[in-house]
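One structure is given here, and the rest of the page talks about it.
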Amino acid sequence: MDEGASGRLVIRIERRGVRRYPCNGCGRRTGRVRSRRDRTWDDLPWAVTLVYQQRRLLCRHCGIRAERIEFANPKARVTRRLRQQIGVDCQSMPTSHAAVRHGVSWGKARRAEQAFLAEWDRTRVKRQPRHIGLDEIQRGKGQRFWTVLSDVVHGEVIGLRQDRSAATATALLTEDLTGRQRGAITAVCTDMHRPYLKAVGTVLPKAEVVFDKFHVLQHASAALDEVRRQEFFRAGAVMREHGRGKRWLLLRRWKSARGSKRAELQALFAANRRLFRAYVLREKLDRLWTYKTRPGVLNFLLGWFKALRWQRLP
Ligand SMILES: [Zn+2]
């Protein structure tokens with residue numbers, strides 16, 4: 001026992017009454033020691049370092065291997081119990097604080113934390129979500145797209161990859177999900193992005209594709225804006241002035257428009273009936289998600305399409 005240069009308590013340990021040592025590869029014991037070398041492991045409690053002369057063995061099955069150490073993973077420089085403690089601490093404090101607390105370097109603490117998280121991820125129960133989501137996200141305007149695969153029920157990200165091509169979506173579905181997980185999926189929620197539909201169709205032919213409400217209404221709003229352009233911008237200077245800068249106004253839902261905004265909308269609709277009808281249809285589409293049965297949805301949709309055609313709206 002002595003005090004190391006780092007101020008840590010160093011404890012030298014040795015196996016008692018053992019002549020044969022376990023092989024790192026297969027775990028079988030052998031007495032054929034090739035060499036030995038001092039190795040250290042930082043350990044609990046409070047700044048203890050263990051020193052042990054680890055043997056290099058000549059294993060009959062694996063060749064030259066290190067001796068198996070029961071309290072630490074191969075190549076780790078901290079014991080398993082210290083790794084566990086650092087990992088738990090890092091959930092509630094910065095890595096640097098955990099490093100100071102346990103008297104190890106930042107790098108050691110970081111590696112311990114990563115090993116702890118990898119272990120946790122490896123051993124936790126893999127969910128078999130029945131409903132997954134495939135979405136594109138964009139970091140900043142004009143930035144690159146990413147595709148995110150998620151468990152929509154638990155709100156958990158399963159995988160994330162750059163790009164939004166069919167190949168990316170296919171890779172996510174095949175590599176980030178196990179065969180068993182794929183088998184359990186009954187529905188995929190996605191936007192109307194064609195490459196995604198293609199990927200889902202090939203990888204999960206039996207799963208239902210669900211377009212989420214947000215994306216559908218986004219398309220309806222785009223169509224509504226197109227009507228605004230048609231009606232106001234191609235109809236002379238006076239009308240053009242009327243419709244200018246109303247895009248954001250039209251994005252507003254009637255029930256969330258208050259006071260002046262509602263008055264503005266009313267003025268706009270008074271100027272153009274066609275825009276009003278398009279707006280009403282967009283508002284109505286919302287009700288599609290209140291129907292629970294197939295005939296109900298179909299009935300509503302057919303009626304809605306009919307109204308569109310009647311108004312000669314795109
Ligand atoms: Zn072996």
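Going by the structure tokens order, chains are called A, B, ..., each with residues numbered from 1, while ligands are numbered from 1 in the order shown.
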Cut-off 10 Å, only C-alpha atoms and all ligand atoms, neighbours of ligand 1 as a list in words: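 Within the 10 Å cut-off, the matching residues are Pro22, Cys23, Asn24, Gly25, Cys26, Gly27, Arg28, Arg29, Thr30, Leu57, Leu58, Cys59, Arg60, His61, Cys62, Gly63, Ile64, Arg65, Ala66, Glu67 and Arg68 of chain A.
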Residues from the last selection, all heavy atoms, saved as a compact mmCIF listing (two decimals), in the first residue's frame:
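Everything below was put into again_13.txt:
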# COMPACT_ATOMS: atom_id res chain seq x y z
N PRO A 22 -6.97 -17.47 -15.66
CA PRO A 22 -8.01 -17.55 -16.72
C PRO A 22 -7.62 -16.76 -17.97
O PRO A 22 -7.12 -15.64 -17.88
CB PRO A 22 -9.24 -16.93 -16.05
CG PRO A 22 -8.69 -16.05 -14.98
CD PRO A 22 -7.40 -16.65 -14.52
N CYS A 23 -7.89 -17.33 -19.12
CA CYS A 23 -7.58 -16.67 -20.40
C CYS A 23 -8.67 -15.65 -20.71
O CYS A 23 -9.85 -15.89 -20.47
CB CYS A 23 -7.50 -17.72 -21.51
SG CYS A 23 -7.67 -17.02 -23.15
N ASN A 24 -8.22 -14.53 -21.23
CA ASN A 24 -9.11 -13.44 -21.59
C ASN A 24 -10.08 -13.84 -22.71
O ASN A 24 -11.19 -13.33 -22.80
CB ASN A 24 -8.24 -12.28 -22.08
CG ASN A 24 -8.91 -10.96 -21.84
OD1 ASN A 24 -10.04 -10.91 -21.42
ND2 ASN A 24 -8.20 -9.90 -22.13
N GLY A 25 -9.61 -14.74 -23.57
CA GLY A 25 -10.42 -15.12 -24.72
C GLY A 25 -11.50 -16.12 -24.36
O GLY A 25 -12.68 -15.86 -24.55
N CYS A 26 -11.11 -17.27 -23.79
CA CYS A 26 -12.08 -18.35 -23.60
C CYS A 26 -12.43 -18.56 -22.14
O CYS A 26 -13.40 -19.26 -21.83
CB CYS A 26 -11.51 -19.64 -24.18
SG CYS A 26 -9.92 -20.08 -23.47
N GLY A 27 -11.66 -18.00 -21.22
CA GLY A 27 -11.97 -18.15 -19.80
C GLY A 27 -11.37 -19.42 -19.20
O GLY A 27 -11.42 -19.61 -17.99
N ARG A 28 -10.79 -20.28 -20.02
CA ARG A 28 -10.17 -21.50 -19.49
C ARG A 28 -8.85 -21.15 -18.81
O ARG A 28 -8.16 -20.23 -19.21
CB ARG A 28 -9.94 -22.50 -20.62
CG ARG A 28 -11.21 -23.28 -20.96
CD ARG A 28 -10.95 -24.25 -22.09
NE ARG A 28 -11.21 -23.57 -23.35
CZ ARG A 28 -11.96 -24.07 -24.33
NH1 ARG A 28 -12.51 -25.27 -24.20
NH2 ARG A 28 -12.14 -23.40 -25.43
N ARG A 29 -8.52 -21.92 -17.79
CA ARG A 29 -7.31 -21.59 -17.03
C ARG A 29 -6.10 -22.29 -17.62
O ARG A 29 -6.19 -23.39 -18.15
CB ARG A 29 -7.49 -22.01 -15.57
CG ARG A 29 -8.43 -21.10 -14.84
CD ARG A 29 -8.76 -21.60 -13.45
NE ARG A 29 -9.70 -20.70 -12.82
CZ ARG A 29 -9.34 -19.63 -12.12
NH1 ARG A 29 -8.07 -19.34 -11.95
NH2 ARG A 29 -10.26 -18.84 -11.60
N THR A 30 -4.97 -21.60 -17.50
CA THR A 30 -3.72 -22.20 -17.96
C THR A 30 -2.60 -21.78 -17.02
O THR A 30 -2.66 -20.70 -16.42
CB THR A 30 -3.39 -21.81 -19.41
OG1 THR A 30 -2.12 -22.36 -19.74
CG2 THR A 30 -3.34 -20.32 -19.61
N LEU A 57 -0.67 -14.87 -21.13
CA LEU A 57 -0.70 -16.32 -21.11
C LEU A 57 -0.56 -16.91 -22.49
O LEU A 57 -0.83 -16.25 -23.50
CB LEU A 57 -2.02 -16.79 -20.50
CG LEU A 57 -2.44 -16.15 -19.19
CD1 LEU A 57 -3.87 -16.52 -18.87
CD2 LEU A 57 -1.51 -16.57 -18.07
N LEU A 58 -0.15 -18.15 -22.48
CA LEU A 58 -0.10 -18.88 -23.74
C LEU A 58 -1.26 -19.87 -23.68
O LEU A 58 -1.14 -20.96 -23.15
CB LEU A 58 1.23 -19.62 -23.85
CG LEU A 58 1.71 -19.93 -25.25
CD1 LEU A 58 1.91 -18.65 -26.04
CD2 LEU A 58 3.01 -20.72 -25.18
N CYS A 59 -2.39 -19.46 -24.20
CA CYS A 59 -3.59 -20.30 -24.11
C CYS A 59 -3.57 -21.32 -25.25
O CYS A 59 -3.19 -21.01 -26.37
CB CYS A 59 -4.84 -19.43 -24.18
SG CYS A 59 -6.37 -20.41 -24.22
N ARG A 60 -3.99 -22.53 -24.91
CA ARG A 60 -4.02 -23.60 -25.88
C ARG A 60 -5.00 -23.30 -27.02
O ARG A 60 -4.83 -23.73 -28.13
CB ARG A 60 -4.46 -24.87 -25.16
CG ARG A 60 -4.18 -26.15 -25.87
CD ARG A 60 -4.49 -27.28 -24.94
NE ARG A 60 -3.77 -27.10 -23.66
CZ ARG A 60 -3.40 -28.12 -22.89
NH1 ARG A 60 -3.67 -29.33 -23.25
NH2 ARG A 60 -2.76 -27.91 -21.76
N HIS A 61 -6.04 -22.53 -26.69
CA HIS A 61 -7.10 -22.29 -27.67
C HIS A 61 -6.98 -20.95 -28.37
O HIS A 61 -7.33 -20.81 -29.53
CB HIS A 61 -8.47 -22.39 -26.99
CG HIS A 61 -8.62 -23.65 -26.22
ND1 HIS A 61 -9.07 -24.81 -26.81
CD2 HIS A 61 -8.35 -23.95 -24.92
CE1 HIS A 61 -9.07 -25.78 -25.89
NE2 HIS A 61 -8.64 -25.28 -24.74
N CYS A 62 -6.48 -19.95 -27.66
CA CYS A 62 -6.50 -18.59 -28.23
C CYS A 62 -5.11 -18.08 -28.59
O CYS A 62 -4.97 -17.02 -29.17
CB CYS A 62 -7.12 -17.61 -27.24
SG CYS A 62 -8.63 -18.21 -26.50
N GLY A 63 -4.07 -18.80 -28.22
CA GLY A 63 -2.73 -18.28 -28.46
C GLY A 63 -2.34 -17.35 -27.33
O GLY A 63 -2.75 -17.55 -26.19
N ILE A 64 -1.57 -16.32 -27.64
CA ILE A 64 -1.12 -15.41 -26.59
C ILE A 64 -2.24 -14.44 -26.24
O ILE A 64 -2.72 -13.70 -27.09
CB ILE A 64 0.14 -14.64 -27.03
CG1 ILE A 64 1.27 -15.64 -27.32
CG2 ILE A 64 0.55 -13.63 -25.97
CD1 ILE A 64 2.47 -15.01 -27.99
N ARG A 65 -2.69 -14.50 -25.00
CA ARG A 65 -3.77 -13.62 -24.56
C ARG A 65 -3.45 -13.07 -23.18
O ARG A 65 -2.67 -13.66 -22.45
CB ARG A 65 -5.11 -14.38 -24.48
CG ARG A 65 -5.65 -14.84 -25.82
CD ARG A 65 -6.00 -13.70 -26.73
NE ARG A 65 -7.15 -12.92 -26.30
CZ ARG A 65 -8.32 -12.93 -26.93
NH1 ARG A 65 -8.51 -13.67 -28.02
NH2 ARG A 65 -9.31 -12.19 -26.49
N ALA A 66 -4.12 -11.97 -22.86
CA ALA A 66 -3.96 -11.43 -21.51
C ALA A 66 -4.78 -12.28 -20.54
O ALA A 66 -5.69 -12.99 -20.94
CB ALA A 66 -4.47 -10.00 -21.48
N GLU A 67 -4.41 -12.19 -19.29
CA GLU A 67 -5.14 -12.89 -18.24
C GLU A 67 -6.47 -12.17 -18.02
O GLU A 67 -6.53 -10.95 -18.07
CB GLU A 67 -4.29 -12.82 -16.96
CG GLU A 67 -4.97 -13.34 -15.73
CD GLU A 67 -4.13 -13.04 -14.48
OE1 GLU A 67 -3.01 -12.50 -14.63
OE2 GLU A 67 -4.61 -13.34 -13.38
N ARG A 68 -7.54 -12.93 -17.80
CA ARG A 68 -8.85 -12.30 -17.57
C ARG A 68 -8.91 -11.67 -16.18
O ARG A 68 -8.49 -12.28 -15.20
CB ARG A 68 -9.96 -13.35 -17.70
CG ARG A 68 -11.32 -12.80 -17.34
CD ARG A 68 -12.43 -13.75 -17.66
NE ARG A 68 -12.57 -13.91 -19.12
CZ ARG A 68 -13.51 -14.68 -19.67
NH1 ARG A 68 -14.35 -15.37 -18.92
NH2 ARG A 68 -13.60 -14.78 -20.97
Spatial neighbours of region 193-196 of chain A, max dist 7 Å, only C-alpha atoms, sep filter under 5 positions, as a ChimeraX atom specification: /A:165-166,169
I'd like the neighbourhood of Gly159 (chain A) as a PDB file with C-alpha atoms, in the first residue's frame, where a residue qualifies if any of its atoms comes within 8 Å (using only C-alpha atoms), though same-chain residues fewer than 2 positions away should be ignored.
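Wrote it out as part15.pdb, contents follow:
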ATOM      1  CA  VAL A 148     -35.375  10.543 -38.451  1.00  0.00           C
ATOM      2  CA  LEU A 149     -36.932   7.188 -37.641  1.00  0.00           C
ATOM      3  CA  SER A 150     -38.921   7.155 -34.425  1.00  0.00           C
ATOM      4  CA  VAL A 157     -35.802   8.260 -31.687  1.00  0.00           C
ATOM      5  CA  ARG A 161     -29.309   9.763 -40.849  1.00  0.00           C
ATOM      6  CA  LEU A 172     -32.772   3.310 -41.570  1.00  0.00           C
ATOM      7  CA  ASP A 176     -31.689   0.444 -37.383  1.00  0.00           C
TER       8      ASP A 176
END
Counting only C-alpha atoms, the residue of A:Arg130, A:Ala278, A:Val209, A:Cys90 that sits nearest Gly183 (chain A):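 Smallest distance to Gly183 (chain A) is found for A:Arg130.
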For Val10 (chain A), the nearest of the candidates A:Ser105, A:Thr40, A:Thr290, A:Thr170, counting only C-alpha atoms: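 Among A:Ser105, A:Thr40, A:Thr290, A:Thr170, it is A:Thr40 that comes nearest to Val10 (chain A).
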